[in-house]
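Visitor: Got a structure for you, my_file-v6.txt, holding compact mmCIF, N, CA and C atoms.
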```
# COMPACT_ATOMS: atom_id res chain seq x y z
N MET M 1 -9.89 0.79 11.19
CA MET M 1 -10.17 1.80 10.19
C MET M 1 -9.03 1.81 9.17
N ALA M 2 -9.33 2.14 7.95
CA ALA M 2 -8.34 2.18 6.88
C ALA M 2 -7.29 3.26 7.14
N ASP M 3 -6.13 3.12 6.49
CA ASP M 3 -5.07 4.11 6.64
C ASP M 3 -5.46 5.47 6.07
N HIS M 4 -6.37 5.45 5.11
CA HIS M 4 -6.73 6.69 4.44
C HIS M 4 -8.20 6.64 4.04
N LEU M 5 -8.97 7.59 4.52
CA LEU M 5 -10.38 7.71 4.14
C LEU M 5 -10.57 9.05 3.45
N GLU M 6 -11.43 9.06 2.44
CA GLU M 6 -11.73 10.29 1.72
C GLU M 6 -13.22 10.39 1.47
N ALA M 7 -13.69 11.63 1.46
CA ALA M 7 -15.07 11.91 1.09
C ALA M 7 -15.09 13.27 0.40
N THR M 8 -15.87 13.36 -0.66
CA THR M 8 -15.92 14.59 -1.46
C THR M 8 -17.34 14.85 -1.92
N VAL M 9 -17.71 16.11 -1.93
CA VAL M 9 -18.98 16.52 -2.51
C VAL M 9 -18.76 17.83 -3.26
N THR M 10 -19.39 17.94 -4.44
CA THR M 10 -19.35 19.17 -5.22
C THR M 10 -20.75 19.75 -5.22
N LEU M 11 -20.81 21.04 -4.91
CA LEU M 11 -22.10 21.73 -4.76
C LEU M 11 -22.12 22.99 -5.62
N PRO M 12 -23.32 23.46 -5.98
CA PRO M 12 -23.41 24.71 -6.74
C PRO M 12 -22.97 25.90 -5.87
N SER M 13 -22.35 26.89 -6.49
CA SER M 13 -21.94 28.11 -5.77
C SER M 13 -23.16 28.97 -5.51
N ASP M 14 -23.90 28.54 -4.52
CA ASP M 14 -25.15 29.19 -4.15
C ASP M 14 -25.18 29.25 -2.62
N PRO M 15 -25.67 30.33 -2.04
CA PRO M 15 -25.69 30.42 -0.59
C PRO M 15 -26.37 29.23 0.11
N ALA M 16 -27.39 28.65 -0.51
CA ALA M 16 -28.06 27.50 0.10
C ALA M 16 -27.15 26.28 0.21
N SER M 17 -26.11 26.23 -0.59
CA SER M 17 -25.19 25.09 -0.56
C SER M 17 -24.31 25.07 0.69
N VAL M 18 -24.17 26.20 1.35
CA VAL M 18 -23.33 26.26 2.55
C VAL M 18 -23.88 25.33 3.63
N SER M 19 -25.18 25.37 3.87
CA SER M 19 -25.77 24.48 4.87
C SER M 19 -25.69 23.02 4.42
N ASP M 20 -25.81 22.77 3.11
CA ASP M 20 -25.64 21.41 2.60
C ASP M 20 -24.23 20.90 2.89
N ALA M 21 -23.24 21.75 2.73
CA ALA M 21 -21.85 21.38 3.01
C ALA M 21 -21.67 21.05 4.48
N ARG M 22 -22.25 21.85 5.37
CA ARG M 22 -22.15 21.57 6.81
C ARG M 22 -22.77 20.22 7.15
N ARG M 23 -23.96 19.95 6.62
CA ARG M 23 -24.63 18.67 6.90
C ARG M 23 -23.81 17.50 6.37
N TYR M 24 -23.27 17.64 5.17
CA TYR M 24 -22.47 16.59 4.57
C TYR M 24 -21.27 16.25 5.46
N VAL M 25 -20.56 17.28 5.90
CA VAL M 25 -19.37 17.07 6.73
C VAL M 25 -19.74 16.42 8.05
N ALA M 26 -20.81 16.87 8.69
CA ALA M 26 -21.23 16.25 9.96
C ALA M 26 -21.55 14.77 9.77
N GLY M 27 -22.19 14.44 8.66
CA GLY M 27 -22.52 13.04 8.38
C GLY M 27 -21.28 12.18 8.17
N ILE M 28 -20.31 12.71 7.43
CA ILE M 28 -19.07 11.96 7.19
C ILE M 28 -18.31 11.76 8.49
N LEU M 29 -18.21 12.81 9.30
CA LEU M 29 -17.49 12.68 10.58
C LEU M 29 -18.17 11.64 11.47
N ALA M 30 -19.48 11.59 11.45
CA ALA M 30 -20.20 10.56 12.22
C ALA M 30 -19.89 9.18 11.67
N ASP M 31 -19.86 9.04 10.35
CA ASP M 31 -19.52 7.75 9.74
C ASP M 31 -18.11 7.31 10.14
N TRP M 32 -17.22 8.28 10.37
CA TRP M 32 -15.84 7.98 10.73
C TRP M 32 -15.63 7.86 12.24
N GLY M 33 -16.73 7.89 13.00
CA GLY M 33 -16.65 7.62 14.42
C GLY M 33 -16.66 8.81 15.35
N LEU M 34 -16.86 10.00 14.83
CA LEU M 34 -16.90 11.18 15.68
C LEU M 34 -18.34 11.43 16.10
N PRO M 35 -18.63 11.40 17.40
CA PRO M 35 -20.02 11.60 17.85
C PRO M 35 -20.57 12.95 17.40
N PRO M 36 -21.83 13.00 16.99
CA PRO M 36 -22.41 14.24 16.47
C PRO M 36 -22.39 15.39 17.48
N ASP M 37 -22.37 15.07 18.77
CA ASP M 37 -22.38 16.13 19.78
C ASP M 37 -20.97 16.52 20.23
N ALA M 38 -19.94 15.98 19.60
CA ALA M 38 -18.56 16.33 19.95
C ALA M 38 -18.28 17.79 19.57
N GLU M 39 -17.57 18.48 20.42
CA GLU M 39 -17.22 19.88 20.15
C GLU M 39 -16.45 20.00 18.83
N ALA M 40 -15.65 19.00 18.54
CA ALA M 40 -14.85 19.02 17.31
C ALA M 40 -15.73 19.05 16.07
N VAL M 41 -16.90 18.43 16.11
CA VAL M 41 -17.80 18.47 14.96
C VAL M 41 -18.22 19.91 14.70
N ASP M 42 -18.53 20.64 15.77
CA ASP M 42 -18.90 22.05 15.62
C ASP M 42 -17.75 22.85 15.02
N THR M 43 -16.53 22.57 15.46
CA THR M 43 -15.36 23.27 14.95
C THR M 43 -15.21 23.03 13.45
N VAL M 44 -15.27 21.77 13.05
CA VAL M 44 -15.09 21.44 11.62
C VAL M 44 -16.25 22.00 10.80
N ARG M 45 -17.45 21.91 11.33
CA ARG M 45 -18.60 22.48 10.61
C ARG M 45 -18.46 23.98 10.42
N LEU M 46 -17.97 24.68 11.44
CA LEU M 46 -17.79 26.12 11.32
C LEU M 46 -16.70 26.45 10.30
N ILE M 47 -15.62 25.68 10.32
CA ILE M 47 -14.56 25.89 9.33
C ILE M 47 -15.11 25.69 7.92
N VAL M 48 -15.84 24.61 7.71
CA VAL M 48 -16.43 24.35 6.39
C VAL M 48 -17.42 25.44 6.01
N SER M 49 -18.22 25.88 6.97
CA SER M 49 -19.19 26.93 6.70
C SER M 49 -18.50 28.21 6.23
N GLU M 50 -17.43 28.60 6.91
CA GLU M 50 -16.70 29.81 6.52
C GLU M 50 -16.01 29.65 5.16
N LEU M 51 -15.38 28.49 4.93
CA LEU M 51 -14.72 28.26 3.65
C LEU M 51 -15.72 28.21 2.50
N ALA M 52 -16.84 27.53 2.71
CA ALA M 52 -17.87 27.44 1.67
C ALA M 52 -18.48 28.82 1.39
N THR M 53 -18.72 29.59 2.44
CA THR M 53 -19.25 30.94 2.26
C THR M 53 -18.28 31.78 1.44
N ASN M 54 -16.99 31.67 1.74
CA ASN M 54 -15.99 32.39 0.95
C ASN M 54 -16.04 31.95 -0.51
N ALA M 55 -16.15 30.65 -0.75
CA ALA M 55 -16.18 30.14 -2.12
C ALA M 55 -17.39 30.67 -2.88
N VAL M 56 -18.50 30.83 -2.20
CA VAL M 56 -19.71 31.34 -2.84
C VAL M 56 -19.63 32.86 -3.04
N GLN M 57 -19.23 33.59 -2.00
CA GLN M 57 -19.29 35.05 -2.05
C GLN M 57 -18.15 35.70 -2.81
N HIS M 58 -16.97 35.14 -2.74
CA HIS M 58 -15.80 35.85 -3.26
C HIS M 58 -15.31 35.37 -4.62
N THR M 59 -16.04 34.48 -5.26
CA THR M 59 -15.63 34.04 -6.59
C THR M 59 -16.31 34.86 -7.69
N LEU M 60 -17.17 35.77 -7.29
CA LEU M 60 -17.80 36.71 -8.22
C LEU M 60 -18.44 36.03 -9.42
N GLY M 61 -19.08 34.90 -9.18
CA GLY M 61 -19.76 34.18 -10.25
C GLY M 61 -18.84 33.44 -11.20
N GLN M 62 -17.53 33.46 -10.95
CA GLN M 62 -16.58 32.80 -11.85
C GLN M 62 -16.33 31.34 -11.50
N SER M 63 -16.90 30.87 -10.40
CA SER M 63 -16.78 29.46 -10.04
C SER M 63 -18.19 28.92 -9.84
N PRO M 64 -18.72 28.19 -10.82
CA PRO M 64 -20.11 27.74 -10.73
C PRO M 64 -20.34 26.70 -9.63
N THR M 65 -19.26 26.05 -9.17
CA THR M 65 -19.38 25.06 -8.11
C THR M 65 -18.20 25.22 -7.14
N PHE M 66 -18.34 24.57 -5.99
CA PHE M 66 -17.21 24.41 -5.08
C PHE M 66 -17.23 22.98 -4.57
N THR M 67 -16.08 22.49 -4.17
CA THR M 67 -15.96 21.11 -3.72
C THR M 67 -15.44 21.09 -2.29
N VAL M 68 -16.08 20.28 -1.46
CA VAL M 68 -15.63 20.05 -0.09
C VAL M 68 -15.02 18.67 -0.04
N GLU M 69 -13.81 18.58 0.49
CA GLU M 69 -13.11 17.31 0.57
C GLU M 69 -12.64 17.08 2.00
N LEU M 70 -12.84 15.87 2.46
CA LEU M 70 -12.35 15.44 3.78
C LEU M 70 -11.40 14.28 3.56
N ARG M 71 -10.27 14.31 4.25
CA ARG M 71 -9.31 13.21 4.20
C ARG M 71 -8.87 12.89 5.62
N LEU M 72 -9.03 11.66 6.00
CA LEU M 72 -8.52 11.21 7.30
C LEU M 72 -7.32 10.32 7.01
N GLU M 73 -6.16 10.79 7.43
CA GLU M 73 -4.90 10.11 7.09
C GLU M 73 -4.33 9.41 8.32
N ARG M 74 -4.24 8.10 8.23
CA ARG M 74 -3.65 7.25 9.26
C ARG M 74 -4.24 7.51 10.65
N GLU M 75 -5.49 7.92 10.70
CA GLU M 75 -6.15 8.23 11.96
C GLU M 75 -5.34 9.22 12.79
N GLU M 76 -4.60 10.10 12.09
CA GLU M 76 -3.77 11.09 12.77
C GLU M 76 -4.13 12.52 12.38
N VAL M 77 -4.45 12.71 11.12
CA VAL M 77 -4.70 14.06 10.61
C VAL M 77 -5.98 14.08 9.79
N LEU M 78 -6.85 15.02 10.13
CA LEU M 78 -8.03 15.28 9.32
C LEU M 78 -7.75 16.50 8.48
N ARG M 79 -7.84 16.34 7.17
CA ARG M 79 -7.67 17.46 6.24
C ARG M 79 -9.04 17.83 5.67
N VAL M 80 -9.34 19.10 5.76
CA VAL M 80 -10.60 19.64 5.26
C VAL M 80 -10.24 20.66 4.19
N GLY M 81 -10.74 20.45 2.98
CA GLY M 81 -10.43 21.37 1.89
C GLY M 81 -11.68 21.84 1.18
N VAL M 82 -11.65 23.08 0.75
CA VAL M 82 -12.71 23.62 -0.09
C VAL M 82 -12.04 24.21 -1.33
N THR M 83 -12.49 23.73 -2.49
CA THR M 83 -11.91 24.11 -3.77
C THR M 83 -12.91 24.90 -4.59
N ASP M 84 -12.43 25.97 -5.23
CA ASP M 84 -13.23 26.67 -6.23
C ASP M 84 -12.31 26.99 -7.41
N SER M 85 -12.89 27.39 -8.52
CA SER M 85 -12.10 27.60 -9.73
C SER M 85 -11.70 29.05 -9.95
N HIS M 86 -11.96 29.93 -8.99
CA HIS M 86 -11.57 31.33 -9.11
C HIS M 86 -10.08 31.48 -8.79
N PRO M 87 -9.35 32.28 -9.58
CA PRO M 87 -7.90 32.38 -9.37
C PRO M 87 -7.48 33.20 -8.14
N ARG M 88 -8.35 34.04 -7.62
CA ARG M 88 -7.96 34.89 -6.49
C ARG M 88 -7.86 34.09 -5.20
N TRP M 89 -6.73 34.23 -4.53
CA TRP M 89 -6.51 33.53 -3.26
C TRP M 89 -7.04 34.38 -2.10
N PRO M 90 -7.34 33.74 -0.98
CA PRO M 90 -7.83 34.51 0.18
C PRO M 90 -6.78 35.52 0.64
N LYS M 91 -7.27 36.64 1.12
CA LYS M 91 -6.38 37.68 1.62
C LYS M 91 -6.59 37.85 3.12
N ARG M 92 -5.49 38.13 3.81
CA ARG M 92 -5.57 38.41 5.24
C ARG M 92 -5.81 39.91 5.39
N LEU M 93 -6.89 40.26 6.10
CA LEU M 93 -7.19 41.66 6.34
C LEU M 93 -6.38 42.18 7.52
N PRO M 94 -5.98 43.45 7.46
CA PRO M 94 -5.30 44.03 8.63
C PRO M 94 -6.23 44.03 9.83
N ALA M 95 -5.66 43.85 11.01
CA ALA M 95 -6.46 43.78 12.24
C ALA M 95 -7.25 45.05 12.48
N ALA M 96 -6.77 46.18 11.99
CA ALA M 96 -7.42 47.46 12.25
C ALA M 96 -8.62 47.72 11.35
N VAL M 97 -8.81 46.90 10.32
CA VAL M 97 -9.93 47.13 9.40
C VAL M 97 -11.25 46.90 10.14
N GLN M 98 -12.10 47.90 10.10
CA GLN M 98 -13.41 47.81 10.75
C GLN M 98 -14.48 47.63 9.67
N GLN M 99 -15.02 46.45 9.58
CA GLN M 99 -16.11 46.21 8.63
C GLN M 99 -16.94 45.05 9.15
N ASP M 100 -18.14 44.92 8.57
CA ASP M 100 -19.08 43.92 9.05
C ASP M 100 -18.80 42.52 8.51
N ASN M 101 -18.07 42.42 7.42
CA ASN M 101 -17.79 41.10 6.85
C ASN M 101 -16.29 41.00 6.57
N GLY M 102 -15.88 39.87 5.99
CA GLY M 102 -14.47 39.70 5.65
C GLY M 102 -13.64 39.09 6.77
N ARG M 103 -14.30 38.53 7.76
CA ARG M 103 -13.58 37.94 8.89
C ARG M 103 -13.52 36.42 8.82
N GLY M 104 -13.99 35.83 7.75
CA GLY M 104 -14.01 34.36 7.64
C GLY M 104 -12.64 33.74 7.80
N MET M 105 -11.64 34.28 7.12
CA MET M 105 -10.29 33.69 7.20
C MET M 105 -9.69 33.90 8.58
N VAL M 106 -10.02 34.99 9.24
CA VAL M 106 -9.54 35.21 10.61
C VAL M 106 -10.13 34.13 11.53
N ILE M 107 -11.41 33.87 11.38
CA ILE M 107 -12.08 32.83 12.19
C ILE M 107 -11.46 31.47 11.90
N ILE M 108 -11.27 31.16 10.62
CA ILE M 108 -10.72 29.86 10.22
C ILE M 108 -9.32 29.68 10.79
N ARG M 109 -8.47 30.68 10.64
CA ARG M 109 -7.10 30.59 11.18
C ARG M 109 -7.12 30.38 12.69
N TRP M 110 -7.98 31.10 13.38
CA TRP M 110 -8.06 30.98 14.83
C TRP M 110 -8.52 29.58 15.23
N LEU M 111 -9.58 29.09 14.58
CA LEU M 111 -10.07 27.74 14.90
C LEU M 111 -9.00 26.69 14.63
N ALA M 112 -8.30 26.81 13.52
CA ALA M 112 -7.24 25.86 13.20
C ALA M 112 -6.15 25.91 14.26
N ALA M 113 -5.72 27.10 14.62
CA ALA M 113 -4.65 27.24 15.62
C ALA M 113 -5.09 26.70 16.98
N GLU M 114 -6.31 27.01 17.38
CA GLU M 114 -6.83 26.53 18.67
C GLU M 114 -6.92 25.00 18.72
N SER M 115 -7.09 24.39 17.57
CA SER M 115 -7.21 22.93 17.50
C SER M 115 -5.87 22.26 17.22
N GLY M 116 -4.79 23.04 17.16
CA GLY M 116 -3.47 22.48 16.88
C GLY M 116 -3.23 22.22 15.41
N GLY M 117 -4.00 22.88 14.55
CA GLY M 117 -3.88 22.64 13.12
C GLY M 117 -3.25 23.80 12.39
N LYS M 118 -3.31 23.71 11.06
CA LYS M 118 -2.75 24.78 10.24
C LYS M 118 -3.54 24.92 8.95
N LEU M 119 -3.41 26.09 8.35
CA LEU M 119 -4.09 26.44 7.11
C LEU M 119 -3.07 26.52 5.99
N SER M 120 -3.45 26.06 4.81
CA SER M 120 -2.62 26.23 3.62
C SER M 120 -3.52 26.43 2.42
N VAL M 121 -2.94 26.98 1.36
CA VAL M 121 -3.68 27.17 0.11
C VAL M 121 -2.84 26.56 -1.00
N ALA M 122 -3.49 25.78 -1.86
CA ALA M 122 -2.79 25.12 -2.96
C ALA M 122 -3.49 25.42 -4.27
N PRO M 123 -2.72 25.66 -5.34
CA PRO M 123 -3.34 25.89 -6.66
C PRO M 123 -3.92 24.60 -7.21
N THR M 124 -4.93 24.75 -8.06
CA THR M 124 -5.51 23.60 -8.75
C THR M 124 -5.09 23.65 -10.22
N ALA M 125 -5.24 22.54 -10.90
CA ALA M 125 -4.84 22.44 -12.31
C ALA M 125 -5.61 23.41 -13.21
N ASP M 126 -6.85 23.75 -12.81
CA ASP M 126 -7.66 24.64 -13.65
C ASP M 126 -7.50 26.12 -13.31
N GLY M 127 -6.53 26.45 -12.48
CA GLY M 127 -6.27 27.85 -12.14
C GLY M 127 -6.97 28.34 -10.90
N GLY M 128 -7.72 27.48 -10.24
CA GLY M 128 -8.38 27.84 -8.99
C GLY M 128 -7.48 27.55 -7.80
N LYS M 129 -8.10 27.29 -6.67
CA LYS M 129 -7.32 26.97 -5.47
C LYS M 129 -8.14 26.12 -4.52
N THR M 130 -7.41 25.44 -3.63
CA THR M 130 -8.02 24.72 -2.53
C THR M 130 -7.47 25.30 -1.24
N VAL M 131 -8.36 25.68 -0.35
CA VAL M 131 -7.96 26.11 0.98
C VAL M 131 -8.07 24.89 1.88
N TRP M 132 -6.95 24.48 2.46
CA TRP M 132 -6.87 23.29 3.29
C TRP M 132 -6.68 23.68 4.75
N ILE M 133 -7.33 22.94 5.61
CA ILE M 133 -7.10 23.01 7.05
C ILE M 133 -6.71 21.60 7.47
N ALA M 134 -5.57 21.46 8.14
CA ALA M 134 -5.13 20.17 8.67
C ALA M 134 -5.28 20.22 10.18
N LEU M 135 -6.00 19.26 10.73
CA LEU M 135 -6.26 19.20 12.17
C LEU M 135 -5.83 17.85 12.73
N PRO M 136 -5.28 17.82 13.94
CA PRO M 136 -4.94 16.53 14.54
C PRO M 136 -6.21 15.72 14.82
N TRP M 137 -6.13 14.44 14.62
CA TRP M 137 -7.23 13.51 14.90
C TRP M 137 -6.73 12.59 15.99
N ARG M 138 -7.40 12.55 17.10
CA ARG M 138 -6.97 11.74 18.23
C ARG M 138 -7.63 10.37 18.17
N THR M 139 -6.81 9.33 17.97
CA THR M 139 -7.36 7.98 17.82
C THR M 139 -7.92 7.44 19.13
N GLY M 140 -7.38 7.84 20.25
CA GLY M 140 -7.86 7.33 21.53
C GLY M 140 -9.31 7.69 21.79
N THR M 141 -9.71 8.87 21.30
CA THR M 141 -11.08 9.30 21.50
C THR M 141 -11.83 9.41 20.20
N ALA M 142 -11.15 9.06 19.09
CA ALA M 142 -11.74 9.21 17.75
C ALA M 142 -12.26 10.62 17.57
N ALA M 143 -11.50 11.59 18.04
CA ALA M 143 -11.97 12.97 17.96
C ALA M 143 -10.86 13.90 17.53
N VAL M 144 -11.26 14.91 16.79
CA VAL M 144 -10.34 15.97 16.44
C VAL M 144 -10.05 16.74 17.72
N GLN M 145 -8.79 17.07 17.94
CA GLN M 145 -8.40 17.85 19.11
C GLN M 145 -9.12 19.16 19.08
N SER M 146 -9.72 19.56 20.17
CA SER M 146 -10.35 20.87 20.22
C SER M 146 -9.88 21.59 21.47
N GLY M 147 -9.85 22.93 21.31
CA GLY M 147 -9.30 23.83 22.31
C GLY M 147 -9.79 23.58 23.65
```
Do you think you could lay out the structure here as structure tokens?
Guide:
Amino acid sequence: MADHLEATVTLPSDPASVSDARRYVAGILADWGLPPDAEAVDTVRLIVSELATNAVQHTLGQSPTFTVELRLEREEVLRVGVTDSHPRWPKRLPAAVQQDNGRGMVIIRWLAAESGGKLSVAPTADGGKTVWIALPWRTGTAAVQSG
């Protein structure tokens, strides 16, 4: 396998695009050797689902599209990023807040930590941001480490 693989898709900021993003990511991971029934595929799909949902719901119509990017670096690290053009960065809610929504970043952070990964946010040139999750990729099993 190459030292660096990349895959990117840009989708409209529409709720229907969230499932398209999940399917796209599952297909790319399969192309890169991760079996579709691997627990790690579910983990990455859930992370992408939460990030894409945030990009659609919290950009308040100011980001007409969002981009999902996957990078496999040296068969060691899988980076999953979702970019939108809205300037507001994700906020961490206090644990005591009781509400029905707004838990996407909590779920994402937990999944990343359970998989031995980390979350970061980076600004984009157009004033938006990319939320990145970096996860270990195990070459022996061609699988992302999962809890």
Visitor: Skipping near chain neighbours, those fewer than 4 positions away, what residues fall within 8 Å of Ile47 of chain M using all atoms listed in the file, listed as a list in words?
Guide: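 Near neighbours after the sequence-gap exclusion: Val41, Asp42, Thr43, Leu51, Ala52, Thr53, Val80, Ile107, Ile108, Arg109, Leu111 and Ala112 of chain M.
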Visitor: Can you tell me how far atom C of Arg23 of chain M sits from atom C of Ala125 of chain M, in Å to one decimal?
Guide: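 Spanning atom C of Arg23 of chain M to atom C of Ala125 of chain M is a straight-line distance of 27.4 Å.
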Visitor: Could you state the separation of atom CA of Ala26 of chain M and atom CA of Gln57 of chain M in Å, given to one decimal place?
Guide: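 Computed distance, atom CA of Ala26 of chain M to atom CA of Gln57 of chain M, equals 22.4 Å.
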Visitor: For atom N of Pro136 of chain M and atom N of Glu69 of chain M, quote the distance in Å rounded to one decimal.
Guide: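 Result for atom N of Pro136 of chain M versus atom N of Glu69 of chain M: 15.9 Å, one decimal.
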Visitor: Using all atoms listed in the file, which protein or nucleic acid residues come within 6 Å of Leu11 of chain M? Drop anything in the same chain fewer than 6 positions from it, and give the result as a list in words.
Guide: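 Close residues of Leu11 of chain M: Pro64, Thr65, Phe66, Thr67 and Val68 of chain M.
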Visitor: Counting only C-alpha atoms, note down every residue that has an atom within 12 Å of the point (-24.1, 18.5, 2.7) (file coordinates), as a PyMOL selection string.
Guide: chain M and resi 7-12+16-29+45+48-49+52+66-69
Visitor: Counting only N, CA and C atoms, which of M:Trp110, M:Thr59, M:Val82, M:Lys91 gets nearest to Lys129 of chain M?
Guide: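 Closest to Lys129 of chain M of all the choices is M:Val82.
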Visitor: Run DSSP on the backbone and grab whatever in segment 2-144 of chain M lands in alpha helix (DSSP H); send it over as a ChimeraX atom specification.
Guide: /M:16-31,39-57,104-114
Visitor: Env of Pro87 of chain M: 6.5 Å cut, atoms = all atoms listed in the file, seq-sep filter 2 positions within chain, self excluded. Answer as a ChimeraX atom specification.
Guide: /M:84-85,89,127-129
Visitor: Just checking: using all atoms listed in the file, which residue out of M:Asp37, M:Ser115, M:Ala30, M:His86 ends up closest to Leu60 of chain M?
Guide: M:His86
Visitor: So which one's closest to Arg79 of chain M, M:Asp3, M:Lys118, M:Ala113, M:Ala134? Using all atoms listed in the file, please.
Guide: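 For Arg79 of chain M, the nearest of the given residues is M:Ala134.
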Visitor: With distances taken over only C-alpha atoms, which of M:Val44, M:Leu72, M:Ala38, M:Ala55 is nearest to His4 of chain M?
Guide: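 Between M:Val44, M:Leu72, M:Ala38, M:Ala55, the residue approaching His4 of chain M most closely is M:Leu72.
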Visitor: Quick one: residues within 7 Å of Val56 of chain M, all atoms listed in the file counted, chain neighbours fewer than 5 positions away excluded, as a list in words?
Guide: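 The residues that qualify are Ser13, Asp14, Pro15, Leu51 and Gly61 of chain M.
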Visitor: Please identify the strand (DSSP E or B) residues within chain M (assignment by DSSP from backbone atoms) and present them as an MDAnalysis selection string.
Guide: chainID M and resid 4:12 65:73 77:84 118:123 129:138 143:144
Visitor: Excluding Gly81 of chain M and its own-chain neighbours fewer than 5 positions away, which residues fall within 7 Å of it when counting only C-alpha atoms? Please give them as number ranges by chain.
Guide: M: 68-70, 130-133
Visitor: All heavy atoms are what I want for segment 130-136 of chain M; can you complete it accordingly and write them as a compact mmCIF listing (two decimals), keeping the file's coordinate frame?
Guide:
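Resulting contents of selection-v9.txt:
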```txt
# COMPACT_ATOMS: atom_id res chain seq x y z
N THR M 130 -7.41 25.44 -3.63
CA THR M 130 -8.02 24.72 -2.53
C THR M 130 -7.47 25.30 -1.24
O THR M 130 -6.26 25.43 -1.09
CB THR M 130 -7.71 23.21 -2.58
OG1 THR M 130 -8.16 22.68 -3.83
CG2 THR M 130 -8.38 22.47 -1.44
N VAL M 131 -8.36 25.68 -0.35
CA VAL M 131 -7.96 26.11 0.98
C VAL M 131 -8.07 24.89 1.88
O VAL M 131 -9.15 24.30 2.00
CB VAL M 131 -8.85 27.26 1.50
CG1 VAL M 131 -8.39 27.69 2.90
CG2 VAL M 131 -8.81 28.44 0.54
N TRP M 132 -6.95 24.48 2.46
CA TRP M 132 -6.87 23.29 3.29
C TRP M 132 -6.68 23.68 4.75
O TRP M 132 -5.93 24.59 5.07
CB TRP M 132 -5.67 22.43 2.90
CG TRP M 132 -5.83 21.69 1.62
CD1 TRP M 132 -5.26 22.01 0.42
CD2 TRP M 132 -6.60 20.51 1.40
NE1 TRP M 132 -5.63 21.09 -0.53
CE2 TRP M 132 -6.45 20.16 0.04
CE3 TRP M 132 -7.40 19.71 2.22
CZ2 TRP M 132 -7.08 19.05 -0.51
CZ3 TRP M 132 -8.02 18.61 1.67
CH2 TRP M 132 -7.86 18.28 0.33
N ILE M 133 -7.33 22.94 5.61
CA ILE M 133 -7.10 23.01 7.05
C ILE M 133 -6.71 21.60 7.47
O ILE M 133 -7.42 20.63 7.17
CB ILE M 133 -8.37 23.43 7.82
CG1 ILE M 133 -8.93 24.74 7.29
CG2 ILE M 133 -8.08 23.50 9.32
CD1 ILE M 133 -8.04 25.93 7.45
N ALA M 134 -5.57 21.46 8.14
CA ALA M 134 -5.13 20.17 8.67
C ALA M 134 -5.28 20.22 10.18
O ALA M 134 -4.76 21.13 10.83
CB ALA M 134 -3.68 19.90 8.27
N LEU M 135 -6.00 19.26 10.73
CA LEU M 135 -6.26 19.20 12.17
C LEU M 135 -5.83 17.85 12.73
O LEU M 135 -6.03 16.82 12.08
CB LEU M 135 -7.76 19.38 12.45
CG LEU M 135 -8.39 20.68 11.96
CD1 LEU M 135 -9.91 20.58 12.03
CD2 LEU M 135 -7.88 21.86 12.76
N PRO M 136 -5.28 17.82 13.94
CA PRO M 136 -4.94 16.53 14.54
C PRO M 136 -6.21 15.72 14.82
O PRO M 136 -7.23 16.29 15.20
CB PRO M 136 -4.25 16.90 15.86
CG PRO M 136 -4.13 18.36 15.89
CD PRO M 136 -4.93 18.94 14.78
```
